[in-house]
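Data from work24.pdb: PDB, C-alpha atoms and all ligand atoms
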ATOM      1  CA  MET N   1       0.000   0.000   0.000  1.00  0.00           C
ATOM      2  CA  VAL N   2       1.277   3.470  -0.853  1.00  0.00           C
ATOM      3  CA  LYS N   3       2.304   5.379   2.284  1.00  0.00           C
ATOM      4  CA  VAL N   4       1.482   9.075   2.191  1.00  0.00           C
ATOM      5  CA  THR N   5       2.452  11.750   4.710  1.00  0.00           C
ATOM      6  CA  VAL N   6       0.327  14.902   4.518  1.00  0.00           C
ATOM      7  CA  TRP N   7       2.307  17.871   5.859  1.00  0.00           C
ATOM      8  CA  ASN N   8       0.545  21.120   6.741  1.00  0.00           C
ATOM      9  CA  GLU N   9       1.848  24.181   8.560  1.00  0.00           C
ATOM     10  CA  ASN N  10      -1.573  24.176  10.317  1.00  0.00           C
ATOM     11  CA  ILE N  11      -1.482  27.880  11.217  1.00  0.00           C
ATOM     12  CA  HIS N  12      -4.554  29.413   9.533  1.00  0.00           C
ATOM     13  CA  GLU N  13      -6.736  26.676  11.070  1.00  0.00           C
ATOM     14  CA  GLN N  14      -5.699  27.866  14.547  1.00  0.00           C
ATOM     15  CA  THR N  15      -5.748  31.625  13.982  1.00  0.00           C
ATOM     16  CA  ASP N  16      -8.706  32.091  11.627  1.00  0.00           C
ATOM     17  CA  ALA N  17     -12.227  30.918  12.539  1.00  0.00           C
ATOM     18  CA  GLU N  18     -13.315  31.132   8.897  1.00  0.00           C
ATOM     19  CA  VAL N  19     -10.663  28.582   7.924  1.00  0.00           C
ATOM     20  CA  ARG N  20     -11.522  26.370  10.903  1.00  0.00           C
ATOM     21  CA  ASP N  21     -15.152  26.315   9.734  1.00  0.00           C
ATOM     22  CA  VAL N  22     -14.107  25.081   6.285  1.00  0.00           C
ATOM     23  CA  TYR N  23     -11.490  22.605   7.592  1.00  0.00           C
ATOM     24  CA  PRO N  24     -12.395  21.597  11.180  1.00  0.00           C
ATOM     25  CA  GLU N  25      -9.889  18.715  11.011  1.00  0.00           C
ATOM     26  CA  GLY N  26      -7.275  20.933   9.355  1.00  0.00           C
ATOM     27  CA  ILE N  27      -6.416  20.865   5.664  1.00  0.00           C
ATOM     28  CA  HIS N  28      -4.068  17.938   6.466  1.00  0.00           C
ATOM     29  CA  GLY N  29      -6.896  16.032   8.188  1.00  0.00           C
ATOM     30  CA  THR N  30      -9.274  16.507   5.276  1.00  0.00           C
ATOM     31  CA  ILE N  31      -6.671  15.397   2.732  1.00  0.00           C
ATOM     32  CA  ALA N  32      -5.577  12.375   4.815  1.00  0.00           C
ATOM     33  CA  ASN N  33      -9.207  11.294   5.217  1.00  0.00           C
ATOM     34  CA  PHE N  34     -10.042  11.210   1.519  1.00  0.00           C
ATOM     35  CA  LEU N  35      -6.742   9.485   0.735  1.00  0.00           C
ATOM     36  CA  LYS N  36      -7.675   6.728   3.209  1.00  0.00           C
ATOM     37  CA  GLU N  37     -11.158   6.478   1.689  1.00  0.00           C
ATOM     38  CA  ASN N  38      -9.360   5.805  -1.602  1.00  0.00           C
ATOM     39  CA  GLY N  39      -7.296   2.914  -0.231  1.00  0.00           C
ATOM     40  CA  LEU N  40      -4.075   4.777   0.536  1.00  0.00           C
ATOM     41  CA  GLU N  41      -2.213   4.759   3.849  1.00  0.00           C
ATOM     42  CA  ALA N  42      -2.112   8.362   5.067  1.00  0.00           C
ATOM     43  CA  LYS N  43      -0.553  10.026   8.118  1.00  0.00           C
ATOM     44  CA  THR N  44      -0.249  13.709   8.962  1.00  0.00           C
ATOM     45  CA  ALA N  45       2.608  15.909  10.143  1.00  0.00           C
ATOM     46  CA  THR N  46       2.578  19.587  11.117  1.00  0.00           C
ATOM     47  CA  LEU N  47       4.994  22.461  11.635  1.00  0.00           C
ATOM     48  CA  GLU N  48       4.672  22.642  15.436  1.00  0.00           C
ATOM     49  CA  GLN N  49       5.682  19.011  16.006  1.00  0.00           C
ATOM     50  CA  PRO N  50       9.320  18.152  16.835  1.00  0.00           C
ATOM     51  CA  GLU N  51      11.267  18.169  13.531  1.00  0.00           C
ATOM     52  CA  HIS N  52       7.961  19.385  12.014  1.00  0.00           C
ATOM     53  CA  GLY N  53       6.737  15.789  12.279  1.00  0.00           C
ATOM     54  CA  LEU N  54       9.250  14.784   9.591  1.00  0.00           C
ATOM     55  CA  THR N  55      11.703  12.647  11.559  1.00  0.00           C
ATOM     56  CA  ASP N  56      14.080  10.281   9.766  1.00  0.00           C
ATOM     57  CA  ASN N  57      11.719   7.416  10.613  1.00  0.00           C
ATOM     58  CA  VAL N  58       8.702   9.212   9.149  1.00  0.00           C
ATOM     59  CA  LEU N  59      10.546  10.257   5.983  1.00  0.00           C
ATOM     60  CA  ASN N  60      12.014   6.793   5.457  1.00  0.00           C
ATOM     61  CA  GLU N  61       8.501   5.344   5.727  1.00  0.00           C
ATOM     62  CA  THR N  62       6.990   7.883   3.298  1.00  0.00           C
ATOM     63  CA  ASP N  63       6.440   7.060  -0.382  1.00  0.00           C
ATOM     64  CA  VAL N  64       4.716  10.342  -1.177  1.00  0.00           C
ATOM     65  CA  LEU N  65       4.851  13.597   0.790  1.00  0.00           C
ATOM     66  CA  ILE N  66       2.091  16.184   0.304  1.00  0.00           C
ATOM     67  CA  TRP N  67       2.980  19.784   1.285  1.00  0.00           C
ATOM     68  CA  TRP N  68       0.640  22.646   2.222  1.00  0.00           C
ATOM     69  CA  GLY N  69       2.296  25.797   3.569  1.00  0.00           C
ATOM     70  CA  HIS N  70       1.747  29.551   3.389  1.00  0.00           C
ATOM     71  CA  THR N  71       2.477  31.912   6.240  1.00  0.00           C
ATOM     72  CA  GLY N  72       5.033  29.683   7.963  1.00  0.00           C
ATOM     73  CA  HIS N  73       7.488  28.970   5.126  1.00  0.00           C
ATOM     74  CA  ASP N  74      10.330  30.761   6.977  1.00  0.00           C
ATOM     75  CA  LYS N  75       9.690  28.721  10.129  1.00  0.00           C
ATOM     76  CA  VAL N  76      10.597  25.461   8.383  1.00  0.00           C
ATOM     77  CA  ASP N  77      14.066  24.319   9.485  1.00  0.00           C
ATOM     78  CA  ASP N  78      16.612  24.232   6.641  1.00  0.00           C
ATOM     79  CA  ARG N  79      17.917  20.863   7.889  1.00  0.00           C
ATOM     80  CA  ILE N  80      14.481  19.302   7.427  1.00  0.00           C
ATOM     81  CA  VAL N  81      14.212  20.847   3.956  1.00  0.00           C
ATOM     82  CA  GLU N  82      17.561  19.274   3.021  1.00  0.00           C
ATOM     83  CA  LYS N  83      16.386  15.863   4.279  1.00  0.00           C
ATOM     84  CA  VAL N  84      13.155  16.101   2.276  1.00  0.00           C
ATOM     85  CA  LYS N  85      15.096  17.147  -0.816  1.00  0.00           C
ATOM     86  CA  ASP N  86      17.494  14.218  -0.397  1.00  0.00           C
ATOM     87  CA  ARG N  87      14.526  11.830  -0.152  1.00  0.00           C
ATOM     88  CA  VAL N  88      12.965  13.288  -3.326  1.00  0.00           C
ATOM     89  CA  LEU N  89      16.237  12.917  -5.251  1.00  0.00           C
ATOM     90  CA  LYS N  90      16.310   9.265  -4.126  1.00  0.00           C
ATOM     91  CA  GLY N  91      12.773   8.643  -5.364  1.00  0.00           C
ATOM     92  CA  MET N  92      10.162   9.869  -2.862  1.00  0.00           C
ATOM     93  CA  GLY N  93       7.207  11.537  -4.580  1.00  0.00           C
ATOM     94  CA  LEU N  94       6.348  15.131  -3.611  1.00  0.00           C
ATOM     95  CA  ILE N  95       3.040  16.924  -4.196  1.00  0.00           C
ATOM     96  CA  VAL N  96       3.172  20.668  -3.515  1.00  0.00           C
ATOM     97  CA  LEU N  97      -0.212  22.356  -3.110  1.00  0.00           C
ATOM     98  CA  HIS N  98      -1.342  25.954  -3.664  1.00  0.00           C
ATOM     99  CA  SER N  99       0.784  28.466  -1.680  1.00  0.00           C
ATOM    100  CA  GLY N 100       3.468  25.799  -1.301  1.00  0.00           C
ATOM    101  CA  HIS N 101       4.872  27.374  -4.478  1.00  0.00           C
ATOM    102  CA  PHE N 102       6.863  29.614  -2.097  1.00  0.00           C
ATOM    103  CA  SER N 103       7.964  26.836   0.270  1.00  0.00           C
ATOM    104  CA  LYS N 104      11.686  26.324   0.813  1.00  0.00           C
ATOM    105  CA  ILE N 105      11.476  22.759  -0.508  1.00  0.00           C
ATOM    106  CA  PHE N 106       9.741  23.732  -3.772  1.00  0.00           C
ATOM    107  CA  LYS N 107      12.017  26.713  -4.449  1.00  0.00           C
ATOM    108  CA  SER N 108      15.068  24.567  -3.727  1.00  0.00           C
ATOM    109  CA  LEU N 109      13.937  21.835  -6.129  1.00  0.00           C
ATOM    110  CA  MET N 110      13.012  24.373  -8.852  1.00  0.00           C
ATOM    111  CA  GLY N 111      16.004  26.720  -8.580  1.00  0.00           C
ATOM    112  CA  THR N 112      13.917  29.753  -9.573  1.00  0.00           C
ATOM    113  CA  THR N 113      11.970  32.381  -7.563  1.00  0.00           C
ATOM    114  CA  CYS N 114       8.607  30.586  -8.099  1.00  0.00           C
ATOM    115  CA  ASP N 115       6.962  34.032  -7.899  1.00  0.00           C
ATOM    116  CA  LEU N 116       3.586  34.747  -9.513  1.00  0.00           C
ATOM    117  CA  LYS N 117       0.644  37.190  -9.630  1.00  0.00           C
ATOM    118  CA  TRP N 118      -2.189  36.776  -7.097  1.00  0.00           C
ATOM    119  CA  ARG N 119      -5.537  38.275  -6.087  1.00  0.00           C
ATOM    120  CA  GLU N 120      -8.064  37.339  -3.410  1.00  0.00           C
ATOM    121  CA  ALA N 121     -11.434  38.164  -4.969  1.00  0.00           C
ATOM    122  CA  GLY N 122     -13.207  34.807  -4.652  1.00  0.00           C
ATOM    123  CA  GLU N 123     -13.608  34.623  -8.431  1.00  0.00           C
ATOM    124  CA  ASN N 124     -14.272  31.376 -10.274  1.00  0.00           C
ATOM    125  CA  GLU N 125     -11.458  29.252 -11.700  1.00  0.00           C
ATOM    126  CA  ARG N 126     -11.631  26.741 -14.534  1.00  0.00           C
ATOM    127  CA  LEU N 127      -8.798  24.208 -14.682  1.00  0.00           C
ATOM    128  CA  TRP N 128      -8.561  22.920 -18.228  1.00  0.00           C
ATOM    129  CA  VAL N 129      -7.052  19.490 -18.802  1.00  0.00           C
ATOM    130  CA  VAL N 130      -4.327  20.113 -21.392  1.00  0.00           C
ATOM    131  CA  ASN N 131      -2.999  16.520 -21.377  1.00  0.00           C
ATOM    132  CA  PRO N 132      -6.108  14.264 -21.435  1.00  0.00           C
ATOM    133  CA  SER N 133      -4.149  10.987 -21.561  1.00  0.00           C
ATOM    134  CA  HIS N 134      -2.027  11.873 -18.527  1.00  0.00           C
ATOM    135  CA  PRO N 135      -2.628   9.508 -15.551  1.00  0.00           C
ATOM    136  CA  ILE N 136      -3.154  12.487 -13.197  1.00  0.00           C
ATOM    137  CA  ALA N 137      -6.161  13.584 -15.311  1.00  0.00           C
ATOM    138  CA  GLU N 138      -7.783  10.143 -15.332  1.00  0.00           C
ATOM    139  CA  GLY N 139     -11.510  10.391 -14.629  1.00  0.00           C
ATOM    140  CA  ILE N 140     -11.559  14.173 -15.033  1.00  0.00           C
ATOM    141  CA  GLY N 141     -13.600  15.655 -17.869  1.00  0.00           C
ATOM    142  CA  GLU N 142     -12.520  18.573 -20.015  1.00  0.00           C
ATOM    143  CA  TYR N 143     -12.095  20.825 -17.014  1.00  0.00           C
ATOM    144  CA  ILE N 144     -12.623  21.283 -13.267  1.00  0.00           C
ATOM    145  CA  GLU N 145     -14.817  24.191 -12.217  1.00  0.00           C
ATOM    146  CA  LEU N 146     -14.158  25.926  -8.889  1.00  0.00           C
ATOM    147  CA  ASP N 147     -16.799  28.487  -7.925  1.00  0.00           C
ATOM    148  CA  HIS N 148     -14.523  30.489  -5.657  1.00  0.00           C
ATOM    149  CA  GLU N 149     -10.737  30.533  -5.521  1.00  0.00           C
ATOM    150  CA  GLU N 150      -7.789  32.830  -5.084  1.00  0.00           C
ATOM    151  CA  MET N 151      -6.269  33.853  -8.432  1.00  0.00           C
ATOM    152  CA  TYR N 152      -2.698  32.924  -9.333  1.00  0.00           C
ATOM    153  CA  GLY N 153      -1.545  34.342 -12.665  1.00  0.00           C
ATOM    154  CA  GLU N 154       1.352  34.085 -15.088  1.00  0.00           C
ATOM    155  CA  HIS N 155       4.067  34.634 -15.257  1.00  0.00           C
ATOM    156  CA  PHE N 156       4.837  31.788 -12.849  1.00  0.00           C
ATOM    157  CA  ASP N 157       8.626  31.736 -12.478  1.00  0.00           C
ATOM    158  CA  ILE N 158       9.279  27.999 -12.671  1.00  0.00           C
ATOM    159  CA  PRO N 159      11.505  25.943 -14.971  1.00  0.00           C
ATOM    160  CA  GLU N 160       9.706  24.532 -18.020  1.00  0.00           C
ATOM    161  CA  PRO N 161       7.603  21.682 -16.531  1.00  0.00           C
ATOM    162  CA  ASP N 162       8.453  18.180 -17.762  1.00  0.00           C
ATOM    163  CA  GLU N 163       4.716  17.523 -18.064  1.00  0.00           C
ATOM    164  CA  LEU N 164       1.861  20.045 -18.013  1.00  0.00           C
ATOM    165  CA  VAL N 165      -1.529  18.588 -17.032  1.00  0.00           C
ATOM    166  CA  PHE N 166      -3.742  21.574 -16.120  1.00  0.00           C
ATOM    167  CA  LEU N 167      -3.986  25.165 -17.266  1.00  0.00           C
ATOM    168  CA  SER N 168      -6.220  27.479 -15.208  1.00  0.00           C
ATOM    169  CA  TRP N 169      -8.380  30.340 -16.394  1.00  0.00           C
ATOM    170  CA  PHE N 170      -9.758  32.902 -13.951  1.00  0.00           C
ATOM    171  CA  ARG N 171     -12.792  35.196 -14.182  1.00  0.00           C
ATOM    172  CA  GLY N 172     -10.487  38.222 -14.089  1.00  0.00           C
ATOM    173  CA  GLY N 173      -8.764  37.087 -17.293  1.00  0.00           C
ATOM    174  CA  GLU N 174      -5.464  35.587 -16.106  1.00  0.00           C
ATOM    175  CA  VAL N 175      -4.200  32.086 -16.913  1.00  0.00           C
ATOM    176  CA  PHE N 176      -1.829  29.872 -14.911  1.00  0.00           C
ATOM    177  CA  ARG N 177       0.034  26.561 -15.282  1.00  0.00           C
ATOM    178  CA  SER N 178      -1.842  24.785 -12.479  1.00  0.00           C
ATOM    179  CA  GLY N 179      -0.741  21.164 -12.757  1.00  0.00           C
ATOM    180  CA  CYS N 180       2.955  20.633 -13.451  1.00  0.00           C
ATOM    181  CA  VAL N 181       5.188  17.553 -13.149  1.00  0.00           C
ATOM    182  CA  PHE N 182       8.944  17.941 -12.642  1.00  0.00           C
ATOM    183  CA  ASN N 183      11.465  15.097 -12.555  1.00  0.00           C
ATOM    184  CA  ARG N 184      14.188  15.672  -9.968  1.00  0.00           C
ATOM    185  CA  GLY N 185      16.754  12.894  -9.529  1.00  0.00           C
ATOM    186  CA  LEU N 186      14.755   9.684  -9.156  1.00  0.00           C
ATOM    187  CA  GLY N 187      11.775  11.590  -7.738  1.00  0.00           C
ATOM    188  CA  LYS N 188       8.722  13.144  -9.294  1.00  0.00           C
ATOM    189  CA  VAL N 189       7.307  16.462  -8.089  1.00  0.00           C
ATOM    190  CA  PHE N 190       3.717  17.499  -8.871  1.00  0.00           C
ATOM    191  CA  TYR N 191       2.645  21.088  -8.267  1.00  0.00           C
ATOM    192  CA  PHE N 192      -1.141  21.523  -8.031  1.00  0.00           C
ATOM    193  CA  ARG N 193      -2.420  25.083  -7.677  1.00  0.00           C
ATOM    194  CA  PRO N 194      -5.913  25.115  -6.096  1.00  0.00           C
ATOM    195  CA  GLY N 195      -6.550  25.088  -2.357  1.00  0.00           C
ATOM    196  CA  HIS N 196      -6.743  28.543  -0.793  1.00  0.00           C
ATOM    197  CA  GLU N 197      -7.519  27.994   2.900  1.00  0.00           C
ATOM    198  CA  THR N 198     -10.829  29.922   3.048  1.00  0.00           C
ATOM    199  CA  PHE N 199     -12.485  27.917   0.241  1.00  0.00           C
ATOM    200  CA  PRO N 200     -13.756  24.298   0.425  1.00  0.00           C
ATOM    201  CA  THR N 201     -11.620  23.249  -2.562  1.00  0.00           C
ATOM    202  CA  TYR N 202     -10.260  20.049  -0.970  1.00  0.00           C
ATOM    203  CA  HIS N 203     -13.815  18.866  -0.233  1.00  0.00           C
ATOM    204  CA  GLN N 204     -14.601  18.801  -3.962  1.00  0.00           C
ATOM    205  CA  ASP N 205     -14.691  15.322  -5.566  1.00  0.00           C
ATOM    206  CA  ASP N 206     -12.739  16.068  -8.750  1.00  0.00           C
ATOM    207  CA  ILE N 207      -9.992  17.885  -6.816  1.00  0.00           C
ATOM    208  CA  GLN N 208      -9.703  14.835  -4.522  1.00  0.00           C
ATOM    209  CA  ARG N 209      -9.544  12.596  -7.581  1.00  0.00           C
ATOM    210  CA  VAL N 210      -6.608  14.595  -8.982  1.00  0.00           C
ATOM    211  CA  ILE N 211      -4.675  14.338  -5.703  1.00  0.00           C
ATOM    212  CA  VAL N 212      -5.306  10.572  -5.447  1.00  0.00           C
ATOM    213  CA  ASN N 213      -4.222  10.145  -9.084  1.00  0.00           C
ATOM    214  CA  ALA N 214      -1.137  12.250  -8.408  1.00  0.00           C
ATOM    215  CA  VAL N 215      -0.137  10.121  -5.400  1.00  0.00           C
ATOM    216  CA  ASN N 216      -0.260   7.030  -7.597  1.00  0.00           C
ATOM    217  CA  TYR N 217       1.682   8.795 -10.342  1.00  0.00           C
ATOM    218  CA  VAL N 218       4.561  10.211  -8.265  1.00  0.00           C
ATOM    219  CA  LYS N 219       4.999   7.203  -5.948  1.00  0.00           C
ATOM    220  CA  PRO N 220       8.465   5.642  -6.181  1.00  0.00           C
ATOM    221  CA  LEU N 221       9.012   2.633  -8.400  1.00  0.00           C
ATOM    222  CA  ASN N 222      10.494  -0.463  -6.828  1.00  0.00           C
ATOM    223  CA  GLN N 223      14.057  -0.123  -8.054  1.00  0.00           C
ATOM    224  CA  ASN N 224      17.610  -0.073  -6.712  1.00  0.00           C
ATOM    225  CA  GLN N 225      19.521   3.158  -6.306  1.00  0.00           C
ATOM    226  CA  PRO N 226      21.893   3.700  -9.283  1.00  0.00           C
ATOM    227  CA  ILE N 227      25.598   2.931  -8.772  1.00  0.00           C
ATOM    228  CA  ARG N 228      27.780   6.003  -9.265  1.00  0.00           C
ATOM    229  CA  GLY N 229      31.482   6.830  -9.053  1.00  0.00           C
ATOM    230  CA  ASN N 230      34.520   4.903 -10.209  1.00  0.00           C
ATOM    231  CA  VAL N 231      33.724   1.319 -11.322  1.00  0.00           C
ATOM    232  CA  GLN N 232      35.425  -1.721 -12.854  1.00  0.00           C
ATOM    233  CA  PRO N 233      34.467  -2.612 -16.458  1.00  0.00           C
ATOM    234  CA  LEU N 234      31.770  -5.261 -16.949  1.00  0.00           C
ATOM    235  CA  GLU N 235      33.754  -6.868 -19.782  1.00  0.00           C
ATOM    236  CA  ARG N 236      37.424  -7.848 -19.831  1.00  0.00           C
ATOM    237  CA  PHE N 237      39.406  -5.831 -22.380  1.00  0.00           C
ATOM    238  CA  ASP N 238      43.023  -4.868 -23.131  1.00  0.00           C
ATOM    239  CA  LYS N 239      43.928  -1.282 -22.345  1.00  0.00           C
TER     240      LYS N 239
HETATM  241 ZN    ZN N 301      -3.962  31.193  -0.916  1.00  0.00          ZN
END
Written as structure tokens, that's how I'd like the structure from this file.
Amino acid sequence: MVKVTVWNENIHEQTDAEVRDVYPEGIHGTIANFLKENGLEAKTATLEQPEHGLTDNVLNETDVLIWWGHTGHDKVDDRIVEKVKDRVLKGMGLIVLHSGHFSKIFKSLMGTTCDLKWREAGENERLWVVNPSHPIAEGIGEYIELDHEEMYGEHFDIPEPDELVFLSWFRGGEVFRSGCVFNRGLGKVFYFRPGHETFPTYHQDDIQRVIVNAVNYVKPLNQNQPIRGNVQPLERFDK
């Protein structure tokens, strides 16, 4: 069974009653619950726990890490970020959600500023599937409609994605690359845009379907780590 750890800074849920009303179990709790309903093994970890809940044991037992952060990016210990990055390069899957675009781990794996345009006007968002045969879009129609979301607009300062699955349109006119896959080392990273904390986005069936699909897509394959460095030849030959 695929083992998922859902990490959330879990700050808005404690400081903002509006967010608590939408996510009484926390964004991490809501995500972990629908993952379990879909046959995945899901645990949660939060910023305030020792080592942010991401101890060596937890990371070594994690196939896919999901990351939701916003106001607490700077509070994440650089040593933990380095450990997560090392695990991704060795094959752990990483799904970065919404405002996680500015997390230390995402910026480190991208190597760019990851900056973008934004606006909180509660406008509607339409996520168009631009790669219909991609496994992450399985079961999704032509698009996902979100009645109310925060706007993120281009230009999004990321490297060219290895695979682009969703392109968002917003009522105000902007567009945004909302579902992007990046290969980093042996790991796969999926950035998925929706999920502003004051909207019930993660309660929506098609959004849950995308995240479940993404877990199954970025999970590590059962393979040995590559051998690197100086090696003896496989065949005998005269120098
Ligand atoms: Zn937001």
(request) Might you spell out which residues the PyMOL selection byres (((not hetatm)) within 12 of (chain N and resi 301)) would select in the displayed file, as a VMD selection string? (result) chain N and resid 12 19 68 to 71 97 to 102 116 to 122 148 to 152 193 to 199 201
Preceding selection exported with C-alpha atoms as an mmCIF file, keeping the file's coordinate frame:
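Saved result, part-v3.cif, follows:
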data_model
loop_
_atom_site.group_PDB
_atom_site.id
_atom_site.type_symbol
_atom_site.label_atom_id
_atom_site.label_comp_id
_atom_site.auth_asym_id
_atom_site.auth_seq_id
_atom_site.Cartn_x
_atom_site.Cartn_y
_atom_site.Cartn_z
ATOM 1 C CA HIS N 12 -4.554 29.413 9.533
ATOM 2 C CA VAL N 19 -10.663 28.582 7.924
ATOM 3 C CA TRP N 68 0.640 22.646 2.222
ATOM 4 C CA GLY N 69 2.296 25.797 3.569
ATOM 5 C CA HIS N 70 1.747 29.551 3.389
ATOM 6 C CA THR N 71 2.477 31.912 6.240
ATOM 7 C CA LEU N 97 -0.212 22.356 -3.110
ATOM 8 C CA HIS N 98 -1.342 25.954 -3.664
ATOM 9 C CA SER N 99 0.784 28.466 -1.680
ATOM 10 C CA GLY N 100 3.468 25.799 -1.301
ATOM 11 C CA HIS N 101 4.872 27.374 -4.478
ATOM 12 C CA PHE N 102 6.863 29.614 -2.097
ATOM 13 C CA LEU N 116 3.586 34.747 -9.513
ATOM 14 C CA LYS N 117 0.644 37.190 -9.630
ATOM 15 C CA TRP N 118 -2.189 36.776 -7.097
ATOM 16 C CA ARG N 119 -5.537 38.275 -6.087
ATOM 17 C CA GLU N 120 -8.064 37.339 -3.410
ATOM 18 C CA ALA N 121 -11.434 38.164 -4.969
ATOM 19 C CA GLY N 122 -13.207 34.807 -4.652
ATOM 20 C CA HIS N 148 -14.523 30.489 -5.657
ATOM 21 C CA GLU N 149 -10.737 30.533 -5.521
ATOM 22 C CA GLU N 150 -7.789 32.830 -5.084
ATOM 23 C CA MET N 151 -6.269 33.853 -8.432
ATOM 24 C CA TYR N 152 -2.698 32.924 -9.333
ATOM 25 C CA ARG N 193 -2.420 25.083 -7.677
ATOM 26 C CA PRO N 194 -5.913 25.115 -6.096
ATOM 27 C CA GLY N 195 -6.550 25.088 -2.357
ATOM 28 C CA HIS N 196 -6.743 28.543 -0.793
ATOM 29 C CA GLU N 197 -7.519 27.994 2.900
ATOM 30 C CA THR N 198 -10.829 29.922 3.048
ATOM 31 C CA PHE N 199 -12.485 27.917 0.241
ATOM 32 C CA THR N 201 -11.620 23.249 -2.562
#
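Note that CA of Leu54 (chain N) and CA of Leu40 (chain N) are 19.0 Å apart.
Pairwise distance (CA of Met92 (chain N), CA of Val212 (chain N)) equals 15.7 Å.
Note on the selection: in this file the PyMOL selection byres (((chain N and resi 184) around 9) and not hetatm) comes out as N:Val88, N:Leu89, N:Lys90, N:Gly91, N:Leu109, N:Met110, N:Phe182, N:Asn183, N:Gly185, N:Leu186, N:Gly187, N:Lys188, N:Val189.
The coordinates place CA of Ile211 (chain N) at 20.9 Å from CA of Glu13 (chain N).
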(message) Selection in question (the file shown): the PyMOL selection byres (((chain N and resi 72-78) around 8) and not hetatm). Which residues does it include, as number ranges by chain?
(response) N: 9, 11, 47, 51-52, 69-71, 79-82, 102-104
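Considering the residues N:Thr112, N:Leu234, N:Arg209, N:Lys85 and counting all atoms listed in the file, Gly141 (chain N) has its shortest atom-to-atom contact with N:Arg209.
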(request) Quick one: everything within 10 Å of Gly29 (chain N), counting only C-alpha atoms, minus sequence neighbours fewer than 2 positions away in the same chain. Send it as a ChimeraX atom specification. (result) /N:6-8,10,23-27,31-35,42-45
